[in-house]
Amino acid sequence: MTGSRTFPTCEPVDVVVIGTGAGGGNAIRELCRNGVSVVALEAGGRLDPERDFENDEWTMFNRLTWSDPILASGDLQAPPVWSCKTVGGSTVHWTGAALRAQPHELRARSHYGALEGAATVDWPISFDDVLPWYEKAERLLGVTGRVQDLQTPNANYLAIKRGVDALGWTMRPNHLALNPVGVFDGRPACTQRGHCMQGCSNKAMWSSLNEAIPKAEKTGWLELRTMCQALTINVDSTGRATGVTYARSDGTLEEQKAKVVVLAGNAIQSSRLLLNSTSPMFPDGLANGSGLVGHHYMHHVTGSSFALMPFPVHGYKGVIATGLIDQFSGPDPGERDFVGGFNFATDFLGPGAMSIFAKPRSLIARPDSAQSWGAPLVEMMDTYTCLAGIHFFGEDVAQVDNRVSLHPTLRDAHGMPLPMLAYADHPNNAAMYRYASDRATEIWRAAGAIRIYDAHFPDTHLLGTCRMGDDPEASVVNRYGQAHEVKNLFLADGSVFPTSTAENPTLTIIALALRQADYVLQQMATGDL
Amino acid sequence: MAFQVLAPDEAEILVALVSAIVPHRQEALQATKVDTALALDTKMVADLGLRALCREGLRSLELRAQQEHHFRFAALGADEQAALLATIEPGAFFQTLVHLTKYDFYNRHIVWEAIGYPDLGNESGYLRLGFDRLDA
């Protein structure tokens, strides 16, 4: 693998891509495969899965995580977010769940109706618009149950399924971006290590790091600059993006000129960068004529529970997100006191994270409530091998005041204002959380659980801060993720989601990035970009 | 290994506190509680904020034990220690100590062994070690 191409900074490269995660990585690969010159800027470093990924939760947490502060307020815990700062972005620590959003979810406003205090809208594109790109994404990732065979369930799945079967509900293997048996696309099969969130050391789990970036490098059209944090996207007097100023690891600044900029830093870092990119034409931040950059931050309504079973489970064995219960996210759920759907997936933690996050129910009043210690903690940890785990995630209502903004005075090491994140739960979220928690309790009781522990995790699904739409006064980007006001600027991460849907967002981010890359290529070919 | 920051009487309280946070009874883990206390002491070498928080918290805890029970904290029974700690539970000192204790203690391989977690090496997996079998 060569791929060490060097482009001069003072001459416009075809495209600068900021971020190498789910959206950025796929944009990079598609552009390079079509002979487009790309400089990719990645704030983090590049790790080698075989050498740098260890079976140690804290070592890998510290090695992968974007740990620069995000100043949270409202209904968020500390830290509020878990995202990665490394080549591959958060695809390095994800658990591989590759679900399509559902048709009715892309018509959220029409389907659910208006919700007081919410900014629920219909997406400007339909499921049918995205379907061919979902299929392409699934082929690239080798999604199980779509392209590869479904994976074999593990013991955690089997323990939970007893409860699900007793209730007459449905549990099935999840659609994962994973090689269940045999080699796929030059990458080996999963050996069921169960360290998905510490990085897949044998590359059986898809990530931009182990597939998209290497393929782009092989084309000879990519220069990947690591440890380079983008600080501003610069524009000329006509409002066209002209390049990106970034800080190198030694703190010196550089500007890479570009004909097109694709921003894929995740919903928090991308909106932060746009807000930091002020100019006489864009005094409130680049592409922010609508005033909506940073607004409508969404994550998912989430909760985890771990249950003590009266028999050994050894739930740490094998793929974490291997199972799915998706009967609560359909279009016609019946009478409920909330709108939107949620799904369950199997979940587990190593001993360290389990001791920190899982708590007896009496301690769960808020995400930042007191920690477990003493006899109840020891009781839980001494029975670690008898625990099973499940996680639910559901549609988060878009609210305009849930937002990313820039701190007026606090800055990071490069002088860039720190992001502030303000978030308040909508009553719909609280109702969904109660309902989903009750369903989890039902599953555990039916499975024969002795005791239940609950857990809350930082947000990993970061969405909504540069929402897409047809109306430039009510959205930041158009249906191709193209900034309404800056025609050569594109967003290729979860920031473009107008609503959160219930599903894990990665496959949708990738499908949209593939669709966008195709559009960019067409526009370049016709001279419109 | 010796405590670098805490004086012997402070270290004694810290060890008792760690033992109360993670009161595992396994013989093999008794020394591990001391190891965790030593690790916290090491953090205090560079982290002056933690050092100040801990010193004040340990001092205050010891004072409470003497005033209410007329014994050193380390000499109290487990139930009395737990009851005393419950009264300082919401405070920054105790919450910090709980988090740091768990972060260190439950990441030690000797603890994994004691709770039955096998800690495979980097190249292994459970593919042929019964990942898909529920023995129940």
# chains A, B, ... in the order shown; residues from 1 in each chain; ligands from 1

$ residues_around --residues "His109 (chain B)" --least-positions-apart "5" --cutoff "10 Å" --atoms "only C-alpha atoms" --output "PDB file with N, CA and C atoms, in the first residue's frame"
ATOM      1  N   ALA B 114     -10.529 -13.298  39.709  1.00  0.00           N
ATOM      2  CA  ALA B 114     -11.353 -13.602  40.880  1.00  0.00           C
ATOM      3  C   ALA B 114     -12.841 -13.634  40.544  1.00  0.00           C
ATOM      4  N   ILE B 115     -13.265 -12.802  39.576  1.00  0.00           N
ATOM      5  CA  ILE B 115     -14.690 -12.779  39.247  1.00  0.00           C
ATOM      6  C   ILE B 115     -15.024 -13.677  38.069  1.00  0.00           C
ATOM      7  N   TYR B 117     -13.628 -13.632  34.908  1.00  0.00           N
ATOM      8  CA  TYR B 117     -13.492 -13.053  33.568  1.00  0.00           C
ATOM      9  C   TYR B 117     -12.118 -13.458  33.039  1.00  0.00           C
ATOM     10  N   PRO B 118     -12.055 -14.129  31.888  1.00  0.00           N
ATOM     11  CA  PRO B 118     -10.817 -14.801  31.500  1.00  0.00           C
ATOM     12  C   PRO B 118      -9.724 -13.955  30.856  1.00  0.00           C
ATOM     13  N   ASP B 119     -10.018 -12.763  30.375  1.00  0.00           N
ATOM     14  CA  ASP B 119      -8.960 -11.899  29.835  1.00  0.00           C
ATOM     15  C   ASP B 119      -8.074 -12.607  28.808  1.00  0.00           C
TER      16      ASP B 119
END

$ interface_residues --of "chain B" --to "chain A" --cutoff "9 Å" --atoms "only C-alpha atoms" --output "ChimeraX atom specification"
/B:19-24,82,89-90,95,98-99,102-108,112,114-117,119-136

$ atom_distance --atom1 "CA of Asp9 (chain B)" --atom2 "CA of Ala28 (chain B)"
24.4 Å

$ residues_around --residues "region 69-71 of chain B" --least-positions-apart "5" --cutoff "12 Å" --atoms "only C-alpha atoms" --output "PDB file with N, CA and C atoms, in the first residue's frame"
ATOM      1  N   ILE B  13      -6.145   5.220  56.432  1.00  0.00           N
ATOM      2  CA  ILE B  13      -7.551   5.586  56.201  1.00  0.00           C
ATOM      3  C   ILE B  13      -7.930   5.317  54.754  1.00  0.00           C
ATOM      4  N   LEU B  61     -13.031  12.633  57.392  1.00  0.00           N
ATOM      5  CA  LEU B  61     -13.606  11.320  57.680  1.00  0.00           C
ATOM      6  C   LEU B  61     -13.094  10.781  59.015  1.00  0.00           C
ATOM      7  N   GLU B  62     -11.822  10.943  59.223  1.00  0.00           N
ATOM      8  CA  GLU B  62     -11.214  10.459  60.476  1.00  0.00           C
ATOM      9  C   GLU B  62     -11.794  11.205  61.681  1.00  0.00           C
ATOM     10  N   LEU B  63     -11.987  12.497  61.506  1.00  0.00           N
ATOM     11  CA  LEU B  63     -12.560  13.307  62.588  1.00  0.00           C
ATOM     12  C   LEU B  63     -13.965  12.822  62.930  1.00  0.00           C
ATOM     13  N   ARG B  64     -14.752  12.541  61.930  1.00  0.00           N
ATOM     14  CA  ARG B  64     -16.122  12.045  62.138  1.00  0.00           C
ATOM     15  C   ARG B  64     -16.096  10.731  62.894  1.00  0.00           C
ATOM     16  N   LEU B  76     -12.968   0.725  62.654  1.00  0.00           N
ATOM     17  CA  LEU B  76     -14.407   0.490  62.758  1.00  0.00           C
ATOM     18  C   LEU B  76     -14.796  -0.787  62.029  1.00  0.00           C
ATOM     19  N   GLY B  77     -15.925  -1.354  62.432  1.00  0.00           N
ATOM     20  CA  GLY B  77     -16.468  -2.499  61.709  1.00  0.00           C
ATOM     21  C   GLY B  77     -17.007  -2.074  60.354  1.00  0.00           C
ATOM     22  N   GLU B  80     -20.292  -0.109  60.373  1.00  0.00           N
ATOM     23  CA  GLU B  80     -20.153   1.273  60.865  1.00  0.00           C
ATOM     24  C   GLU B  80     -19.456   2.148  59.829  1.00  0.00           C
ATOM     25  N   GLN B  81     -18.455   1.575  59.177  1.00  0.00           N
ATOM     26  CA  GLN B  81     -17.772   2.324  58.118  1.00  0.00           C
ATOM     27  C   GLN B  81     -18.764   2.685  57.012  1.00  0.00           C
ATOM     28  N   ALA B  83     -21.964   2.945  57.124  1.00  0.00           N
ATOM     29  CA  ALA B  83     -22.967   3.923  57.577  1.00  0.00           C
ATOM     30  C   ALA B  83     -22.381   5.326  57.590  1.00  0.00           C
ATOM     31  N   LEU B  84     -21.138   5.427  58.021  1.00  0.00           N
ATOM     32  CA  LEU B  84     -20.478   6.727  58.035  1.00  0.00           C
ATOM     33  C   LEU B  84     -20.275   7.245  56.614  1.00  0.00           C
TER      34      LEU B  84
END

$ atom_distance --atom1 "CA of Leu115 (chain A)" --atom2 "CA of Gly303 (chain A)"
22.8 Å

$ closest_residue --among "B:Leu53, B:Ala65, B:Phe3, B:Ala31" --to "Ala92 (chain B)" --atoms "only C-alpha atoms"
B:Leu53

$ residues_around --residues "Leu178 (chain A)" --least-positions-apart "3" --cutoff "10 Å" --atoms "only C-alpha atoms" --output "ChimeraX atom specification"
/A:95-98,141-144,148-151,175,181,184,187-190,203-207,319

$ residues_around --residues "Leu489 (chain A)" --least-positions-apart "3" --cutoff "8 Å" --atoms "only C-alpha atoms" --output "list in words"
Ala241, Val260, Val261, Val262, Leu263, Gln482, Ala483 and Val486 of chain A

$ write_last_selection --atoms "C-alpha atoms" --output "short mmCIF file (atom, residue, chain, number, x, y, z; two decimals), in the first residue's frame"
data_model
loop_
_atom_site.label_atom_id
_atom_site.label_comp_id
_atom_site.auth_asym_id
_atom_site.auth_seq_id
_atom_site.Cartn_x
_atom_site.Cartn_y
_atom_site.Cartn_z
CA ALA A 241 -15.20 28.14 -0.05
CA VAL A 260 -14.70 21.78 -2.87
CA VAL A 261 -14.89 21.16 0.88
CA VAL A 262 -16.65 18.17 2.45
CA LEU A 263 -17.10 18.56 6.20
CA GLN A 482 -24.86 20.86 0.00
CA ALA A 483 -24.85 24.13 1.96
CA VAL A 486 -22.02 27.90 -0.19
#

$ select_by_dssp --residues "region 84-290 of chain A" --states "helix (DSSP H, G or I)" --output "VMD selection string"
chain A and resid 89 to 92 103 to 112 127 to 141 155 to 167 196 to 198 208 to 219 267 to 276

$ write_last_selection --atoms "C-alpha atoms" --output "PDB file, in the first residue's frame"
ATOM      1  CA  GLY A  89     -13.480   8.357  13.484  1.00  0.00           C
ATOM      2  CA  SER A  90     -16.166   6.729  15.564  1.00  0.00           C
ATOM      3  CA  THR A  91     -16.309   3.757  13.180  1.00  0.00           C
ATOM      4  CA  VAL A  92     -13.278   2.512  15.103  1.00  0.00           C
ATOM      5  CA  PRO A 103     -39.791   4.921   5.281  1.00  0.00           C
ATOM      6  CA  HIS A 104     -42.215   6.461   7.760  1.00  0.00           C
ATOM      7  CA  GLU A 105     -39.352   7.896   9.820  1.00  0.00           C
ATOM      8  CA  LEU A 106     -38.174   9.998   6.894  1.00  0.00           C
ATOM      9  CA  ARG A 107     -41.706  11.452   6.879  1.00  0.00           C
ATOM     10  CA  ALA A 108     -41.706  12.108  10.607  1.00  0.00           C
ATOM     11  CA  ARG A 109     -43.850  15.236  10.547  1.00  0.00           C
ATOM     12  CA  SER A 110     -46.465  13.766   8.231  1.00  0.00           C
ATOM     13  CA  HIS A 111     -46.545  10.502  10.140  1.00  0.00           C
ATOM     14  CA  TYR A 112     -46.345  11.632  13.767  1.00  0.00           C
ATOM     15  CA  PHE A 127     -36.673   6.219   1.621  1.00  0.00           C
ATOM     16  CA  ASP A 128     -36.839   5.324  -2.079  1.00  0.00           C
ATOM     17  CA  ASP A 129     -34.304   8.077  -2.814  1.00  0.00           C
ATOM     18  CA  VAL A 130     -31.867   6.557  -0.318  1.00  0.00           C
ATOM     19  CA  LEU A 131     -32.541   2.860  -0.944  1.00  0.00           C
ATOM     20  CA  PRO A 132     -30.033   2.350  -3.780  1.00  0.00           C
ATOM     21  CA  TRP A 133     -27.376   3.934  -1.559  1.00  0.00           C
ATOM     22  CA  TYR A 134     -28.300   1.778   1.417  1.00  0.00           C
ATOM     23  CA  GLU A 135     -27.791  -1.200  -0.865  1.00  0.00           C
ATOM     24  CA  LYS A 136     -24.440   0.101  -2.050  1.00  0.00           C
ATOM     25  CA  ALA A 137     -23.354   0.781   1.525  1.00  0.00           C
ATOM     26  CA  GLU A 138     -24.397  -2.704   2.581  1.00  0.00           C
ATOM     27  CA  ARG A 139     -22.331  -4.214  -0.241  1.00  0.00           C
ATOM     28  CA  LEU A 140     -19.282  -2.164   0.746  1.00  0.00           C
ATOM     29  CA  LEU A 141     -19.604  -3.012   4.430  1.00  0.00           C
ATOM     30  CA  ALA A 155     -24.870 -16.607  25.079  1.00  0.00           C
ATOM     31  CA  ASN A 156     -26.025 -13.092  26.036  1.00  0.00           C
ATOM     32  CA  TYR A 157     -28.468 -13.181  23.103  1.00  0.00           C
ATOM     33  CA  LEU A 158     -29.690 -16.647  24.092  1.00  0.00           C
ATOM     34  CA  ALA A 159     -30.297 -15.607  27.701  1.00  0.00           C
ATOM     35  CA  ILE A 160     -32.391 -12.632  26.582  1.00  0.00           C
ATOM     36  CA  LYS A 161     -34.227 -14.593  23.917  1.00  0.00           C
ATOM     37  CA  ARG A 162     -35.718 -16.856  26.571  1.00  0.00           C
ATOM     38  CA  GLY A 163     -37.556 -13.840  27.906  1.00  0.00           C
ATOM     39  CA  VAL A 164     -38.471 -12.552  24.470  1.00  0.00           C
ATOM     40  CA  ASP A 165     -39.851 -15.952  23.425  1.00  0.00           C
ATOM     41  CA  ALA A 166     -41.840 -16.288  26.653  1.00  0.00           C
ATOM     42  CA  LEU A 167     -43.501 -12.932  25.883  1.00  0.00           C
ATOM     43  CA  CYS A 196     -15.899  -4.234  19.591  1.00  0.00           C
ATOM     44  CA  MET A 197     -15.783  -0.950  21.505  1.00  0.00           C
ATOM     45  CA  GLN A 198     -12.034  -1.199  21.993  1.00  0.00           C
ATOM     46  CA  SER A 208     -13.227   3.545   7.549  1.00  0.00           C
ATOM     47  CA  LEU A 209      -9.784   2.810   8.962  1.00  0.00           C
ATOM     48  CA  ASN A 210      -9.615  -0.732   7.672  1.00  0.00           C
ATOM     49  CA  GLU A 211     -11.542  -0.397   4.393  1.00  0.00           C
ATOM     50  CA  ALA A 212     -12.343   3.049   2.991  1.00  0.00           C
ATOM     51  CA  ILE A 213      -9.050   4.819   3.686  1.00  0.00           C
ATOM     52  CA  PRO A 214      -6.759   2.010   2.445  1.00  0.00           C
ATOM     53  CA  LYS A 215      -8.804   1.686  -0.750  1.00  0.00           C
ATOM     54  CA  ALA A 216      -8.599   5.426  -1.326  1.00  0.00           C
ATOM     55  CA  GLU A 217      -4.857   5.360  -0.759  1.00  0.00           C
ATOM     56  CA  LYS A 218      -4.443   2.613  -3.336  1.00  0.00           C
ATOM     57  CA  THR A 219      -5.864   4.932  -6.017  1.00  0.00           C
ATOM     58  CA  ALA A 267     -22.566  16.893  14.404  1.00  0.00           C
ATOM     59  CA  ILE A 268     -20.768  18.670  17.218  1.00  0.00           C
ATOM     60  CA  GLN A 269     -17.361  19.322  15.654  1.00  0.00           C
ATOM     61  CA  SER A 270     -18.778  20.180  12.195  1.00  0.00           C
ATOM     62  CA  SER A 271     -21.201  22.776  13.526  1.00  0.00           C
ATOM     63  CA  ARG A 272     -18.454  24.105  15.802  1.00  0.00           C
ATOM     64  CA  LEU A 273     -16.189  24.560  12.789  1.00  0.00           C
ATOM     65  CA  LEU A 274     -18.880  26.341  10.770  1.00  0.00           C
ATOM     66  CA  LEU A 275     -19.655  28.661  13.684  1.00  0.00           C
ATOM     67  CA  ASN A 276     -15.942  29.396  13.984  1.00  0.00           C
TER      68      ASN A 276
END

$ residues_around --residues "Thr65 (chain A)" --least-positions-apart "3" --cutoff "6 Å" --atoms "only C-alpha atoms" --output "ChimeraX atom specification"
/A:61-62,83-85

$ decode --residues "region 467-485 of chain A" --atoms "N, CA and C atoms" --output "PDB file, in the first residue's frame"
ATOM      1  N   ARG A 467     -29.258  20.703   9.730  1.00  0.00           N
ATOM      2  CA  ARG A 467     -30.314  19.884   9.139  1.00  0.00           C
ATOM      3  C   ARG A 467     -30.529  20.151   7.652  1.00  0.00           C
ATOM      4  N   MET A 468     -30.934  19.098   6.953  1.00  0.00           N
ATOM      5  CA  MET A 468     -31.175  19.228   5.527  1.00  0.00           C
ATOM      6  C   MET A 468     -32.635  19.587   5.286  1.00  0.00           C
ATOM      7  N   GLY A 469     -32.869  20.309   4.200  1.00  0.00           N
ATOM      8  CA  GLY A 469     -34.223  20.707   3.840  1.00  0.00           C
ATOM      9  C   GLY A 469     -34.215  21.425   2.511  1.00  0.00           C
ATOM     10  N   ASP A 470     -35.399  21.658   1.970  1.00  0.00           N
ATOM     11  CA  ASP A 470     -35.507  22.371   0.704  1.00  0.00           C
ATOM     12  C   ASP A 470     -35.543  23.881   0.901  1.00  0.00           C
ATOM     13  N   ASP A 471     -35.945  24.320   2.081  1.00  0.00           N
ATOM     14  CA  ASP A 471     -36.098  25.756   2.343  1.00  0.00           C
ATOM     15  C   ASP A 471     -34.839  26.309   3.010  1.00  0.00           C
ATOM     16  N   PRO A 472     -34.107  27.206   2.337  1.00  0.00           N
ATOM     17  CA  PRO A 472     -32.866  27.741   2.926  1.00  0.00           C
ATOM     18  C   PRO A 472     -33.088  28.517   4.218  1.00  0.00           C
ATOM     19  N   GLU A 473     -34.329  28.942   4.477  1.00  0.00           N
ATOM     20  CA  GLU A 473     -34.575  29.667   5.741  1.00  0.00           C
ATOM     21  C   GLU A 473     -34.867  28.720   6.893  1.00  0.00           C
ATOM     22  N   ALA A 474     -35.121  27.458   6.561  1.00  0.00           N
ATOM     23  CA  ALA A 474     -35.445  26.491   7.610  1.00  0.00           C
ATOM     24  C   ALA A 474     -34.453  25.343   7.670  1.00  0.00           C
ATOM     25  N   SER A 475     -33.343  25.459   6.955  1.00  0.00           N
ATOM     26  CA  SER A 475     -32.361  24.372   6.917  1.00  0.00           C
ATOM     27  C   SER A 475     -31.006  24.938   6.537  1.00  0.00           C
ATOM     28  N   VAL A 476     -29.987  24.103   6.705  1.00  0.00           N
ATOM     29  CA  VAL A 476     -28.621  24.548   6.434  1.00  0.00           C
ATOM     30  C   VAL A 476     -28.118  23.997   5.099  1.00  0.00           C
ATOM     31  N   VAL A 477     -28.504  22.733   4.837  1.00  0.00           N
ATOM     32  CA  VAL A 477     -28.049  22.090   3.599  1.00  0.00           C
ATOM     33  C   VAL A 477     -29.247  21.587   2.821  1.00  0.00           C
ATOM     34  N   ASN A 478     -29.030  21.327   1.531  1.00  0.00           N
ATOM     35  CA  ASN A 478     -30.117  20.814   0.692  1.00  0.00           C
ATOM     36  C   ASN A 478     -30.135  19.283   0.734  1.00  0.00           C
ATOM     37  N   ARG A 479     -30.934  18.699  -0.123  1.00  0.00           N
ATOM     38  CA  ARG A 479     -31.135  17.262  -0.078  1.00  0.00           C
ATOM     39  C   ARG A 479     -29.901  16.456  -0.453  1.00  0.00           C
ATOM     40  N   TYR A 480     -28.839  17.110  -0.874  1.00  0.00           N
ATOM     41  CA  TYR A 480     -27.574  16.426  -1.123  1.00  0.00           C
ATOM     42  C   TYR A 480     -26.521  16.778  -0.071  1.00  0.00           C
ATOM     43  N   GLY A 481     -26.966  17.429   0.985  1.00  0.00           N
ATOM     44  CA  GLY A 481     -26.025  17.841   2.014  1.00  0.00           C
ATOM     45  C   GLY A 481     -25.168  19.022   1.586  1.00  0.00           C
ATOM     46  N   GLN A 482     -25.587  19.708   0.538  1.00  0.00           N
ATOM     47  CA  GLN A 482     -24.861  20.861   0.001  1.00  0.00           C
ATOM     48  C   GLN A 482     -25.362  22.107   0.712  1.00  0.00           C
ATOM     49  N   ALA A 483     -24.446  22.921   1.238  1.00  0.00           N
ATOM     50  CA  ALA A 483     -24.850  24.128   1.955  1.00  0.00           C
ATOM     51  C   ALA A 483     -25.621  25.032   1.009  1.00  0.00           C
ATOM     52  N   HIS A 484     -26.785  25.515   1.471  1.00  0.00           N
ATOM     53  CA  HIS A 484     -27.614  26.366   0.615  1.00  0.00           C
ATOM     54  C   HIS A 484     -26.845  27.591   0.130  1.00  0.00           C
ATOM     55  N   GLU A 485     -26.037  28.144   1.002  1.00  0.00           N
ATOM     56  CA  GLU A 485     -25.392  29.422   0.681  1.00  0.00           C
ATOM     57  C   GLU A 485     -23.982  29.281   0.134  1.00  0.00           C
TER      58      GLU A 485
END
